[in-house]
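Working notes, beginning with the structure itself.
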Amino acid sequence: MRKLEHHEIGRMRHTPAELSKLERFPIYALLDDIRSLYNVGSMFRTADGARLNRLILTGFTPSPPRKEIEKTALGATGTVPWEYVRDPLEAIAALKRDGVRICLVEQTDSSRPYDTLGEGDLPICLVVGNEIRGIRKEIVAAADLAVDIPMYGMKQSLNAAVAFGIAVFACAGLAARRVLSEQPPA
């Protein structure tokens with residue numbers, strides 16, 4: 001085994017032009033009242049890596065262009081489809097009309113482990129809330145399901161961007177299997 005060199009990894013990546021022609025995975029994410037610009041940037045970068053369909057910023061979540069977002073996004077604000085919608089419930093209603101399931105990444109009385117999501121849960125919109133207070137009650141009431149990340153230490157939660165990454169890539173694995181199996185062989 002050897003570590004790949006940067007130029008070798010670069011050859012495996014899609015260019016922005018190639019990416020714009022690829023089918024996006026049926027995964028959306030709604031970020032509500034995220035405080036940290038660095039968390040938002042990290043979530044953009046994760047969204048790019050998972051080929052999310054769209055990132056929806058709501059409430060007081062900061063939006064690009066901001067140097068603090070770009071510091072961690074590393075250009076992903078230009079490759080991830082995104083929009084700002086002030087009212088998260090408006091965005092949720094539109095997603096539901098399109099048949100998208102709304103899934104909280106939150107500890108609730110009916111959360112299930114994130115790794116129990118299946119292809120039948122797609123298309124899905126993962127909702128991540130404020131770093132301190134979590135997801136608003138109104139959004140919880142509008143959701144179809146909730147997943148959480150089991151914690152095995154003293155702390156009972158992860159950084160919002162870290163939790164986002166875990167949940168997004170659980171969904172991306174499901175979506176990639178579906179999308180890639182539907183593509184004709186090269």
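Lettering and numbering for the structure tokens are positional, with chains as A, B, ... in the shown order, residues counted from 1 in each chain, and ligands counted from 1 in the shown order.
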
Find the spatial neighbours of Gly118 of chain A, counting only C-alpha atoms, within a cut-off of 12 Å - ignore same-chain residues fewer than 3 positions away - and output them as a PDB file with N, CA and C atoms, in the first residue's frame.
```pdb
ATOM      1  N   ARG A 112     -34.142   7.319  15.142  1.00  0.00           N
ATOM      2  CA  ARG A 112     -33.539   6.000  14.950  1.00  0.00           C
ATOM      3  C   ARG A 112     -32.084   6.223  14.547  1.00  0.00           C
ATOM      4  N   PRO A 113     -31.235   5.234  14.694  1.00  0.00           N
ATOM      5  CA  PRO A 113     -29.830   5.417  14.320  1.00  0.00           C
ATOM      6  C   PRO A 113     -29.689   5.780  12.835  1.00  0.00           C
ATOM      7  N   TYR A 114     -28.781   6.673  12.544  1.00  0.00           N
ATOM      8  CA  TYR A 114     -28.580   7.167  11.171  1.00  0.00           C
ATOM      9  C   TYR A 114     -28.292   6.038  10.197  1.00  0.00           C
ATOM     10  N   ASP A 115     -27.656   4.976  10.668  1.00  0.00           N
ATOM     11  CA  ASP A 115     -27.275   3.900   9.757  1.00  0.00           C
ATOM     12  C   ASP A 115     -28.409   2.918   9.467  1.00  0.00           C
ATOM     13  N   ASP A 121     -35.979   5.483   1.897  1.00  0.00           N
ATOM     14  CA  ASP A 121     -36.068   6.809   2.513  1.00  0.00           C
ATOM     15  C   ASP A 121     -35.708   7.931   1.539  1.00  0.00           C
ATOM     16  N   LEU A 122     -35.229   7.586   0.360  1.00  0.00           N
ATOM     17  CA  LEU A 122     -34.865   8.586  -0.648  1.00  0.00           C
ATOM     18  C   LEU A 122     -36.072   8.913  -1.515  1.00  0.00           C
ATOM     19  N   PRO A 123     -36.212  10.116  -2.032  1.00  0.00           N
ATOM     20  CA  PRO A 123     -35.382  11.294  -1.790  1.00  0.00           C
ATOM     21  C   PRO A 123     -35.590  11.826  -0.366  1.00  0.00           C
ATOM     22  N   ILE A 124     -34.530  12.449   0.152  1.00  0.00           N
ATOM     23  CA  ILE A 124     -34.529  12.869   1.546  1.00  0.00           C
ATOM     24  C   ILE A 124     -33.895  14.242   1.693  1.00  0.00           C
ATOM     25  N   VAL A 147     -33.180  10.999  12.639  1.00  0.00           N
ATOM     26  CA  VAL A 147     -32.069  10.082  12.903  1.00  0.00           C
ATOM     27  C   VAL A 147     -31.125  10.752  13.883  1.00  0.00           C
ATOM     28  N   ALA A 170     -24.026   8.712   4.931  1.00  0.00           N
ATOM     29  CA  ALA A 170     -24.871   7.521   5.037  1.00  0.00           C
ATOM     30  C   ALA A 170     -25.877   7.529   3.887  1.00  0.00           C
ATOM     31  N   CYS A 171     -26.467   8.678   3.609  1.00  0.00           N
ATOM     32  CA  CYS A 171     -27.431   8.804   2.500  1.00  0.00           C
ATOM     33  C   CYS A 171     -26.738   8.721   1.146  1.00  0.00           C
ATOM     34  N   ALA A 172     -25.564   9.311   1.035  1.00  0.00           N
ATOM     35  CA  ALA A 172     -24.852   9.301  -0.248  1.00  0.00           C
ATOM     36  C   ALA A 172     -24.490   7.881  -0.656  1.00  0.00           C
ATOM     37  N   GLY A 173     -24.140   7.037   0.304  1.00  0.00           N
ATOM     38  CA  GLY A 173     -23.844   5.639  -0.020  1.00  0.00           C
ATOM     39  C   GLY A 173     -25.057   4.943  -0.614  1.00  0.00           C
ATOM     40  N   LEU A 174     -26.228   5.199  -0.026  1.00  0.00           N
ATOM     41  CA  LEU A 174     -27.472   4.613  -0.557  1.00  0.00           C
ATOM     42  C   LEU A 174     -27.754   5.135  -1.959  1.00  0.00           C
ATOM     43  N   ALA A 175     -27.634   6.453  -2.115  1.00  0.00           N
ATOM     44  CA  ALA A 175     -27.941   7.086  -3.398  1.00  0.00           C
ATOM     45  C   ALA A 175     -26.957   6.654  -4.478  1.00  0.00           C
ATOM     46  N   ARG A 177     -25.306   3.863  -4.756  1.00  0.00           N
ATOM     47  CA  ARG A 177     -25.618   2.500  -5.213  1.00  0.00           C
ATOM     48  C   ARG A 177     -26.783   2.518  -6.191  1.00  0.00           C
ATOM     49  N   ARG A 178     -27.815   3.321  -5.874  1.00  0.00           N
ATOM     50  CA  ARG A 178     -28.995   3.379  -6.740  1.00  0.00           C
ATOM     51  C   ARG A 178     -28.648   4.027  -8.076  1.00  0.00           C
TER      52      ARG A 178
END
```

Task: Thr108 of chain A environment, 10 Å, only C-alpha atoms, sequence neighbours closer than 5 positions dropped, as a PyMOL selection string - done: chain A and resi 140+145-148

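Near Thr79 of chain A, within a cut-off of 7 Å and counting only C-alpha atoms, sit the residues Pro16, Asp48, Ala76, Thr77 and Pro81 of chain A, with same-chain residues fewer than 2 positions away left out.
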
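Here atom CA of Ala141 of chain A and atom CA of Ser63 of chain A stand 25.6 Å from one another.
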
TODO: Kindly give the distance, in Å, that separates atom CA of Asn130 of chain A and atom CA of Asn159 of chain A, rounded to a single decimal.
DONE: 10.3 Å

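The list of residues with at least one atom within 12 Å of Pro150 of chain A, based on only C-alpha atoms and without residues fewer than 6 positions apart in the same chain, reads A:Val105, A:Glu106, A:Gln107, A:Ser111, A:Arg112, A:Pro113, A:Tyr114, A:Asp115, A:Thr116, A:Gln156, A:Ser157, A:Leu158, A:Ala163, A:Ile166, A:Ala167.
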
Output N, CA and C atoms of each residue in that selection to a file, as a PDB file, in the first residue's frame.
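Once written, out.pdb looks like this:
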```pdb
ATOM      1  N   VAL A 105     -31.727  15.561  11.736  1.00  0.00           N
ATOM      2  CA  VAL A 105     -30.534  14.986  12.343  1.00  0.00           C
ATOM      3  C   VAL A 105     -30.549  15.561  13.761  1.00  0.00           C
ATOM      4  N   GLU A 106     -31.262  14.834  14.627  1.00  0.00           N
ATOM      5  CA  GLU A 106     -31.588  15.377  15.953  1.00  0.00           C
ATOM      6  C   GLU A 106     -31.996  14.251  16.887  1.00  0.00           C
ATOM      7  N   GLN A 107     -31.781  14.460  18.152  1.00  0.00           N
ATOM      8  CA  GLN A 107     -32.236  13.509  19.165  1.00  0.00           C
ATOM      9  C   GLN A 107     -33.686  13.845  19.498  1.00  0.00           C
ATOM     10  N   SER A 111     -36.285   9.168  17.303  1.00  0.00           N
ATOM     11  CA  SER A 111     -35.118   9.063  16.415  1.00  0.00           C
ATOM     12  C   SER A 111     -34.685   7.619  16.299  1.00  0.00           C
ATOM     13  N   ARG A 112     -34.142   7.319  15.142  1.00  0.00           N
ATOM     14  CA  ARG A 112     -33.539   6.000  14.950  1.00  0.00           C
ATOM     15  C   ARG A 112     -32.084   6.223  14.547  1.00  0.00           C
ATOM     16  N   PRO A 113     -31.235   5.234  14.694  1.00  0.00           N
ATOM     17  CA  PRO A 113     -29.830   5.417  14.320  1.00  0.00           C
ATOM     18  C   PRO A 113     -29.689   5.780  12.835  1.00  0.00           C
ATOM     19  N   TYR A 114     -28.781   6.673  12.544  1.00  0.00           N
ATOM     20  CA  TYR A 114     -28.580   7.167  11.171  1.00  0.00           C
ATOM     21  C   TYR A 114     -28.292   6.038  10.197  1.00  0.00           C
ATOM     22  N   ASP A 115     -27.656   4.976  10.668  1.00  0.00           N
ATOM     23  CA  ASP A 115     -27.275   3.900   9.757  1.00  0.00           C
ATOM     24  C   ASP A 115     -28.409   2.918   9.467  1.00  0.00           C
ATOM     25  N   THR A 116     -29.621   3.240   9.934  1.00  0.00           N
ATOM     26  CA  THR A 116     -30.787   2.415   9.583  1.00  0.00           C
ATOM     27  C   THR A 116     -31.552   2.993   8.397  1.00  0.00           C
ATOM     28  N   GLN A 156     -22.951  14.140  24.541  1.00  0.00           N
ATOM     29  CA  GLN A 156     -24.175  13.620  23.953  1.00  0.00           C
ATOM     30  C   GLN A 156     -24.462  14.163  22.564  1.00  0.00           C
ATOM     31  N   SER A 157     -23.519  14.925  22.013  1.00  0.00           N
ATOM     32  CA  SER A 157     -23.723  15.435  20.658  1.00  0.00           C
ATOM     33  C   SER A 157     -22.370  15.724  20.027  1.00  0.00           C
ATOM     34  N   LEU A 158     -22.412  15.882  18.702  1.00  0.00           N
ATOM     35  CA  LEU A 158     -21.230  16.217  17.920  1.00  0.00           C
ATOM     36  C   LEU A 158     -21.354  17.632  17.382  1.00  0.00           C
ATOM     37  N   ALA A 163     -21.734  16.052  12.498  1.00  0.00           N
ATOM     38  CA  ALA A 163     -22.969  15.261  12.441  1.00  0.00           C
ATOM     39  C   ALA A 163     -23.550  15.292  11.032  1.00  0.00           C
ATOM     40  N   ILE A 166     -21.616  12.870   8.760  1.00  0.00           N
ATOM     41  CA  ILE A 166     -21.935  11.463   9.007  1.00  0.00           C
ATOM     42  C   ILE A 166     -23.277  11.113   8.355  1.00  0.00           C
ATOM     43  N   ALA A 167     -24.284  11.918   8.600  1.00  0.00           N
ATOM     44  CA  ALA A 167     -25.617  11.639   8.061  1.00  0.00           C
ATOM     45  C   ALA A 167     -25.642  11.744   6.533  1.00  0.00           C
TER      46      ALA A 167
END
```

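The shortest atom-to-atom distance to Glu131 of chain A, with only C-alpha atoms taken into account, belongs to A:Arg35 out of A:Arg66, A:Lys96, A:Arg54, A:Arg35.
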
Task: helix (DSSP H, G or I) residues, from DSSP on the backbone, in segment 22-130 of chain A, as a VMD selection string - done: chain A and resid 37 to 49 67 to 73 76 to 78 88 to 97 114 to 116 119 to 121
